[in-house]
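Let me begin by presenting the structure, written as structure tokens, before commenting on it.
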Number of protein chains: 2
Amino acid sequence: MPDAGHEFALIDRLRSRARAHTWLPLGIGDDTAALRLASNRDSLVTVDMLMEGTDFTFPPATAALAGRKSLAVNLSDVAAMAGRPRAAFVAVALPRERGSAFAVEFLDGVIQLADEFDVAIAGGDTNIWDGPLVASVTVLGEATGRGPVTRGGARPGDWIFVTGRLGGSLAGHHLTFTPRVLEAQKLHQAVELHAMIDLSDGLASDLRHILDASGVGALLVADAIPITDDARASNDNRTPLEHALGDGEDFELLFTVSPEDGQRLLDSPPVACPLTQIGEIRSEPGCELVQSDGQRQPLPALGWEHRFASPQSSGSG
Amino acid sequence: MPDAGHEFALIDRLRSRARAHTWLPLGIGDDTAALRLASNRDSLVTVDMLMEGTDFTFPPATAALAGRKSLAVNLSDVAAMAGRPRAAFVAVALPRERGSAFAVEFLDGVIQLADEFDVAIAGGDTNIWDGPLVASVTVLGEATGRGPVTRGGARPGDWIFVTGRLGGSLAGHHLTFTPRVLEAQKLHQAVELHAMIDLSDGLASDLRHILDASGVGALLVADAIPITDDARASNDNRTPLEHALGDGEDFELLFTVSPEDGQRLLDSPPVACPLTQIGEIRSEPGCELVQSDGQRQPLPALGWEHRFASPQSSGSG
């Protein structure tokens, strides 16, 4: 295909499909975009780079699902701060050999999810090359009036909650999950969230991020951890619990609240998805897992193994 | 090298080298960064993805120069709006085979240029893979009090100016250029900039972006166009002028001002770099090039040919 023509056609596609948003006075078509976010609140910014062979393979992924996931992982990061995503910037290197239909399908996958969450496609850089698909999406959002929820606010005595169910994401969930943006906002309105993270590296690993940032420890109740059917159906040498602790790419929310707020969440959950208390924060460092027989063991060092090949990614911000 | 350990080590390097900035309440280390930019001004956002083999090859590029360029092209986009760059987000896929020294050198190249321009490294996503180097940097900035300068404000009668000299960038300038951030701000303070763009695709192509966005035409004076020594020394079948019009990656500023402001710039230039009037805006559409013998010809359709291989990139915002 004629390169330049096609690449301009791709950016034009992003541009023409982009909806008007009050917070985007200047979208695609100049040297930078101009954004007008809430002036009295912090802007939240996150970027993730996803690569063919690491974050998806074709099949089972389709171009549209790859596009969708490239945005979804960033929306999940904004959700983890209980923020409102507002604008996305899509940089992509599209494989020449897969042709223009693939490219269009990829972009449409991004655009469709952006529309679902009322996120403006505010900029992009579309490239065609001879390598595999690489997509780097940046998302800007706003903190709510209650401010961003960080990883560092967990307090001894807090109850630890998780949304949804965990494990087995590679069976398909990692391509089709709905980022918990709305759930995070509802939770943030209903109670005071002390610390929050989205589960990308896996519960065992991501909980440690909260504990390290907060300078606390935790006790997890093995039987309480909600496990997906995919994790239970997995036919390998790992237990369903190990899948739930280590698979990662669940893109569920892990958060801590005071016991009073925790009880409130259990009594009248503000969200439709499962909401499960899986343990509590304590002042002693480290993290122990309590088995059904009462035995305690250190939480195994699982996690980061959600990539197809060897563990490969470390992201932040 | 041990992947996960090394990738966390890389993000830690970005984190530990990151300086404190008042506009960055939350930097690397959480799900998103939190930025506090000027509340009464638009935020400017731009992203560019650079790829090994397209935007640089090793050699002549070094890892440090590739890192530097990955940030510099985005700073140049913010300069084109006469904005102030504030924060950078660095997503990168680092080639496993090049090892950790390459990775560290790349990041240091980014960090050093960020420090020069007082830009916070506010987030990142560091990956190691078996492909070539891919770097996608997002830069956030602030518009100045006079607002962002777009491509769309050129008016008939405006004088067209360019900073520096053009052409021959692939001889080295595209790896070592200093983005015209400070020059753009000084120009914006001194006069009313009507329209501006940075020269990435080449003068012939980028001028058309201004003309299209502004709904105007232009007359360029061939003899007035400042040409680099590299373009003059080029030993191929193109004239120095053709290089200046079409090579691209000059990363100079192209802008228009009223004749009164133009005269002011010539009389007392607010910047140290060359500042040259190369033509003027007119209401008739199209762009003509006036040769030294007075002959006029349509501006040839050069440009986009600044990439090493076939024309490959189309970016915006």
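By convention here, the chains of the structure tokens are called A, B, ... in the order presented, each chain's residues are numbered starting at 1, and ligands are numbered starting at 1 in the order presented.
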
| Skipping near chain neighbours, those fewer than 5 positions away, what residues fall within 10 Å of Ala61 (chain A) using only C-alpha atoms, listed as a VMD selection string? | chain A and resid 52 55 to 56 66 to 67 69 172 174 to 176

| request: Return as JSON, numbers by chain the residues belonging to chain A that are within 7 Å of chain B, counting only C-alpha atoms. | output: {"A": [3, 4, 7, 8, 11, 27, 28, 29, 30, 31, 32, 33, 34, 35, 36, 39, 40, 42, 43, 44, 45, 46, 47, 48, 49, 77, 78, 80, 81, 89, 91, 122, 123, 124, 125, 126, 127, 128, 136, 150, 151, 197, 311, 312, 313, 314, 315, 316, 317]}

Just N, CA and C atoms for this one: save the residues we selected as a short mmCIF file (atom, residue, chain, number, x, y, z; two decimals), in the first residue's frame.
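Output below, filename selection.cif:
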```cif
data_model
loop_
_atom_site.label_atom_id
_atom_site.label_comp_id
_atom_site.auth_asym_id
_atom_site.auth_seq_id
_atom_site.Cartn_x
_atom_site.Cartn_y
_atom_site.Cartn_z
N ASP A 3 2.60 4.10 1.31
CA ASP A 3 2.81 4.36 2.73
C ASP A 3 2.26 5.69 3.22
N ALA A 4 2.82 6.76 2.67
CA ALA A 4 2.49 8.06 3.22
C ALA A 4 0.99 8.28 3.14
N GLU A 7 -0.72 6.28 5.77
CA GLU A 7 -0.53 6.72 7.14
C GLU A 7 -1.29 8.00 7.42
N PHE A 8 -1.32 8.87 6.44
CA PHE A 8 -2.15 10.06 6.65
C PHE A 8 -3.61 9.67 6.70
N ILE A 11 -4.29 8.56 10.32
CA ILE A 11 -4.45 9.65 11.29
C ILE A 11 -5.75 10.40 10.99
N GLY A 27 -7.73 19.36 19.06
CA GLY A 27 -7.45 17.93 18.96
C GLY A 27 -6.44 17.62 17.88
N ILE A 28 -6.62 16.50 17.22
CA ILE A 28 -5.68 16.06 16.18
C ILE A 28 -5.60 17.10 15.07
N GLY A 29 -4.39 17.41 14.62
CA GLY A 29 -4.25 18.30 13.47
C GLY A 29 -3.30 19.45 13.69
N ASP A 30 -2.67 19.54 14.85
CA ASP A 30 -1.65 20.57 15.04
C ASP A 30 -0.42 19.90 15.65
N ASP A 31 0.57 20.71 16.05
CA ASP A 31 1.79 20.10 16.57
C ASP A 31 1.57 19.44 17.92
N THR A 32 0.69 20.02 18.72
CA THR A 32 0.26 19.37 19.96
C THR A 32 -1.25 19.52 20.05
N ALA A 33 -1.85 18.72 20.91
CA ALA A 33 -3.23 18.95 21.30
C ALA A 33 -3.25 19.98 22.43
N ALA A 34 -4.39 20.62 22.63
CA ALA A 34 -4.57 21.49 23.79
C ALA A 34 -5.74 20.95 24.59
N LEU A 35 -5.53 20.75 25.89
CA LEU A 35 -6.54 20.19 26.77
C LEU A 35 -6.89 21.20 27.85
N ARG A 36 -8.16 21.22 28.21
CA ARG A 36 -8.61 22.12 29.28
C ARG A 36 -9.28 21.25 30.35
N SER A 39 -9.59 22.78 36.47
CA SER A 39 -8.46 23.62 36.82
C SER A 39 -8.04 23.46 38.29
N ASN A 40 -8.93 22.97 39.12
CA ASN A 40 -8.62 22.89 40.54
C ASN A 40 -8.20 21.48 40.97
N ASP A 42 -5.71 17.80 40.14
CA ASP A 42 -4.54 17.26 39.48
C ASP A 42 -4.93 16.57 38.17
N SER A 43 -4.05 16.68 37.19
CA SER A 43 -4.17 15.87 35.99
C SER A 43 -3.47 14.54 36.23
N LEU A 44 -4.11 13.47 35.82
CA LEU A 44 -3.53 12.14 35.96
C LEU A 44 -3.02 11.71 34.59
N VAL A 45 -1.82 11.17 34.55
CA VAL A 45 -1.24 10.77 33.26
C VAL A 45 -0.60 9.40 33.39
N THR A 46 -0.86 8.55 32.41
CA THR A 46 -0.26 7.22 32.41
C THR A 46 0.03 6.79 30.99
N VAL A 47 1.06 5.98 30.82
CA VAL A 47 1.39 5.44 29.50
C VAL A 47 1.76 3.98 29.63
N ASP A 48 1.32 3.17 28.68
CA ASP A 48 1.71 1.76 28.61
C ASP A 48 2.05 1.43 27.18
N MET A 49 3.13 0.71 27.01
CA MET A 49 3.50 0.23 25.67
C MET A 49 3.23 -1.28 25.60
N ASP A 77 -5.42 1.99 34.73
CA ASP A 77 -4.50 2.75 35.59
C ASP A 77 -5.17 4.01 36.14
N VAL A 78 -5.95 4.67 35.32
CA VAL A 78 -6.67 5.86 35.80
C VAL A 78 -7.73 5.43 36.83
N ALA A 80 -7.44 3.04 38.85
CA ALA A 80 -6.72 2.73 40.08
C ALA A 80 -6.49 3.96 40.95
N MET A 81 -6.56 5.15 40.34
CA MET A 81 -6.45 6.40 41.10
C MET A 81 -7.84 6.96 41.41
N PHE A 89 -3.93 9.44 23.69
CA PHE A 89 -2.98 9.71 22.60
C PHE A 89 -2.41 8.37 22.16
N ALA A 91 0.01 6.19 19.94
CA ALA A 91 1.19 6.02 19.09
C ALA A 91 1.30 4.56 18.75
N ALA A 122 -7.21 12.42 21.33
CA ALA A 122 -6.75 13.80 21.20
C ALA A 122 -5.48 13.94 20.38
N GLY A 123 -4.84 12.83 20.08
CA GLY A 123 -3.61 12.90 19.31
C GLY A 123 -3.13 11.52 18.96
N GLY A 124 -2.20 11.46 18.04
CA GLY A 124 -1.70 10.15 17.66
C GLY A 124 -0.46 10.27 16.82
N ASP A 125 0.18 9.14 16.66
CA ASP A 125 1.33 9.04 15.75
C ASP A 125 1.25 7.66 15.13
N THR A 126 0.81 7.60 13.88
CA THR A 126 0.59 6.32 13.22
C THR A 126 1.76 6.04 12.28
N ASN A 127 2.39 4.91 12.50
CA ASN A 127 3.53 4.51 11.69
C ASN A 127 3.30 3.11 11.12
N ILE A 128 3.86 2.86 9.97
CA ILE A 128 3.84 1.53 9.37
C ILE A 128 5.28 1.08 9.25
N SER A 136 1.60 2.29 21.91
CA SER A 136 1.86 3.02 23.14
C SER A 136 0.77 4.08 23.29
N THR A 150 -3.83 6.93 45.96
CA THR A 150 -2.50 6.39 45.66
C THR A 150 -2.34 4.99 46.25
N ARG A 151 -1.14 4.44 46.08
CA ARG A 151 -0.83 3.14 46.67
C ARG A 151 -0.37 3.28 48.11
N ILE A 197 -4.85 0.03 43.79
CA ILE A 197 -4.00 -0.33 42.65
C ILE A 197 -4.85 -1.21 41.75
N PRO A 311 9.08 -12.83 31.95
CA PRO A 311 8.58 -11.59 32.54
C PRO A 311 9.24 -10.39 31.87
N GLN A 312 8.44 -9.41 31.48
CA GLN A 312 9.04 -8.42 30.59
C GLN A 312 8.73 -6.96 30.81
N SER A 313 7.87 -6.63 31.70
CA SER A 313 7.49 -5.23 31.70
C SER A 313 7.49 -4.63 33.09
N SER A 314 7.90 -3.41 33.15
CA SER A 314 7.87 -2.68 34.40
C SER A 314 7.41 -1.27 34.11
N GLY A 315 6.25 -0.94 34.56
CA GLY A 315 5.72 0.37 34.20
C GLY A 315 5.30 1.16 35.40
N SER A 316 5.14 2.42 35.18
CA SER A 316 4.71 3.30 36.25
C SER A 316 4.36 4.66 35.70
N GLY A 317 3.33 5.23 36.24
CA GLY A 317 3.00 6.61 35.88
C GLY A 317 2.43 6.71 34.49
#
```

| Using only C-alpha atoms: which of B:Gln291, B:Ser100, B:Gln277, B:Thr178 has the shortest distance to Arg68 (chain B) | B:Thr178

| said: Can you tell me, as a VMD selection string, which residues in region 164-214 of chain A count as strand (DSSP E or B) by DSSP? | reply: chain A and resid 166 195 to 198

Store the residues of this selection in a file with N, CA and C atoms, as a JSON list (two decimals), in the first residue's frame.
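The result, written out as part_3.json:
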```
[["chain", "number", "residue", "atom", "x", "y", "z"],
["A", 166, "LEU", "N", -10.27, -13.46, 40.28],
["A", 166, "LEU", "CA", -8.88, -13.39, 39.84],
["A", 166, "LEU", "C", -8.39, -14.68, 39.21],
["A", 195, "ALA", "N", -6.04, 3.25, 49.94],
["A", 195, "ALA", "CA", -4.99, 2.91, 48.96],
["A", 195, "ALA", "C", -5.64, 2.06, 47.88],
["A", 196, "MET", "N", -5.15, 2.19, 46.66],
["A", 196, "MET", "CA", -5.73, 1.39, 45.57],
["A", 196, "MET", "C", -4.68, 1.16, 44.49],
["A", 197, "ILE", "N", -4.85, 0.03, 43.79],
["A", 197, "ILE", "CA", -4.00, -0.33, 42.65],
["A", 197, "ILE", "C", -4.85, -1.21, 41.75],
["A", 198, "ASP", "N", -4.52, -1.22, 40.45],
["A", 198, "ASP", "CA", -5.20, -2.21, 39.61],
["A", 198, "ASP", "C", -4.31, -3.44, 39.47]]
```

| Quick one: distance from CA of Ile160 (chain B) to CA of Arg84 (chain B) in Å, one decimal? |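 Separation of CA of Ile160 (chain B) and CA of Arg84 (chain B): 23.0 Å.
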
| said: Write out as a PyMOL selection string the set of residues from region 157-265 of chain A that DSSP, computed on the backbone, places in helix (DSSP H, G or I). | reply: chain A and resi 169-171+173-176+181-190+203-214+222-224+229-233+240-246+259-265

Once you have the residues from the selection above, write them out as an mmCIF file, in the first residue's frame, restricted to C-alpha atoms.
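Just written: result-v1.cif:
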```
data_model
loop_
_atom_site.group_PDB
_atom_site.id
_atom_site.type_symbol
_atom_site.label_atom_id
_atom_site.label_comp_id
_atom_site.auth_asym_id
_atom_site.auth_seq_id
_atom_site.Cartn_x
_atom_site.Cartn_y
_atom_site.Cartn_z
ATOM 1 C CA SER A 169 -6.790 -14.004 32.495
ATOM 2 C CA LEU A 170 -4.760 -15.325 29.574
ATOM 3 C CA ALA A 171 -7.704 -17.529 28.606
ATOM 4 C CA HIS A 173 -10.094 -11.862 29.934
ATOM 5 C CA HIS A 174 -6.887 -9.881 29.319
ATOM 6 C CA LEU A 175 -8.215 -8.979 25.871
ATOM 7 C CA THR A 176 -11.836 -8.289 26.730
ATOM 8 C CA VAL A 181 -13.350 3.100 35.821
ATOM 9 C CA LEU A 182 -16.959 3.537 36.888
ATOM 10 C CA GLU A 183 -16.656 1.111 39.783
ATOM 11 C CA ALA A 184 -13.666 3.026 41.150
ATOM 12 C CA GLN A 185 -15.566 6.304 41.009
ATOM 13 C CA LYS A 186 -18.587 4.821 42.768
ATOM 14 C CA LEU A 187 -16.417 3.304 45.473
ATOM 15 C CA HIS A 188 -14.594 6.618 45.888
ATOM 16 C CA GLN A 189 -17.932 8.382 46.360
ATOM 17 C CA ALA A 190 -19.289 5.794 48.797
ATOM 18 C CA LEU A 203 -2.413 -10.071 43.433
ATOM 19 C CA ALA A 204 0.729 -11.280 45.224
ATOM 20 C CA SER A 205 2.885 -8.757 43.417
ATOM 21 C CA ASP A 206 0.489 -5.813 43.334
ATOM 22 C CA LEU A 207 -0.440 -6.130 47.004
ATOM 23 C CA ARG A 208 3.257 -5.784 47.758
ATOM 24 C CA HIS A 209 3.298 -2.502 45.852
ATOM 25 C CA ILE A 210 0.620 -1.188 48.218
ATOM 26 C CA LEU A 211 2.401 -2.552 51.296
ATOM 27 C CA ASP A 212 5.766 -1.126 50.251
ATOM 28 C CA ALA A 213 4.320 2.280 49.408
ATOM 29 C CA SER A 214 2.320 2.392 52.644
ATOM 30 C CA ALA A 222 -6.655 -17.875 51.170
ATOM 31 C CA ASP A 223 -10.247 -19.111 51.125
ATOM 32 C CA ALA A 224 -11.604 -15.604 50.704
ATOM 33 C CA ASP A 229 -13.739 -20.338 36.483
ATOM 34 C CA ASP A 230 -10.888 -20.017 33.994
ATOM 35 C CA ALA A 231 -8.357 -20.349 36.795
ATOM 36 C CA ARG A 232 -10.214 -23.377 38.223
ATOM 37 C CA ALA A 233 -10.384 -24.990 34.787
ATOM 38 C CA PRO A 240 -6.422 -22.249 41.228
ATOM 39 C CA LEU A 241 -5.194 -20.148 44.154
ATOM 40 C CA GLU A 242 -1.750 -19.881 42.635
ATOM 41 C CA HIS A 243 -3.341 -18.682 39.428
ATOM 42 C CA ALA A 244 -5.352 -16.090 41.337
ATOM 43 C CA LEU A 245 -2.243 -14.895 43.159
ATOM 44 C CA GLY A 246 0.152 -14.862 40.256
ATOM 45 C CA PRO A 259 -13.246 -1.529 58.896
ATOM 46 C CA GLU A 260 -16.284 0.780 59.237
ATOM 47 C CA ASP A 261 -16.214 1.617 55.546
ATOM 48 C CA GLY A 262 -15.527 -2.029 54.757
ATOM 49 C CA GLN A 263 -18.651 -3.079 56.627
ATOM 50 C CA ARG A 264 -20.577 -0.384 54.787
ATOM 51 C CA LEU A 265 -19.411 -1.778 51.438
#
```

| query | For the atom pair CA of Asp236 (chain A) and CA of Gly168 (chain A), what is the interatomic distance in Å to one decimal place? | reply |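 So the answer is 11.2 Å.
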
| Interatomic distance between CA of Thr57 (chain B) and CA of Leu14 (chain B)? |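 Between CA of Thr57 (chain B) and CA of Leu14 (chain B) the gap is 23.8 Å.
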
| message | Give me, as JSON, numbers by chain, all polymer residues having an atom no more than 8 Å from Leu199 (chain B), counting only C-alpha atoms and skipping those fewer than 2 positions away in the same chain. | response | {"B": [197, 201, 202, 203, 206, 248, 249, 250, 251, 252, 253, 254]}

Please provide as a PDB file with C-alpha atoms, in the first residue's frame all residues within 9 Å of Thr62 (chain B), with the sequence filter that same-chain residues fewer than 6 positions apart are discarded (counting only C-alpha atoms).
```pdb
ATOM      1  CA  PHE B  56      17.733   6.198  13.695  1.00  0.00           C
ATOM      2  CA  PHE B 102      22.552   0.259  25.888  1.00  0.00           C
ATOM      3  CA  GLU B 105      22.650   4.896  27.982  1.00  0.00           C
ATOM      4  CA  PHE B 106      19.337   5.390  26.191  1.00  0.00           C
TER       5      PHE B 106
END
```
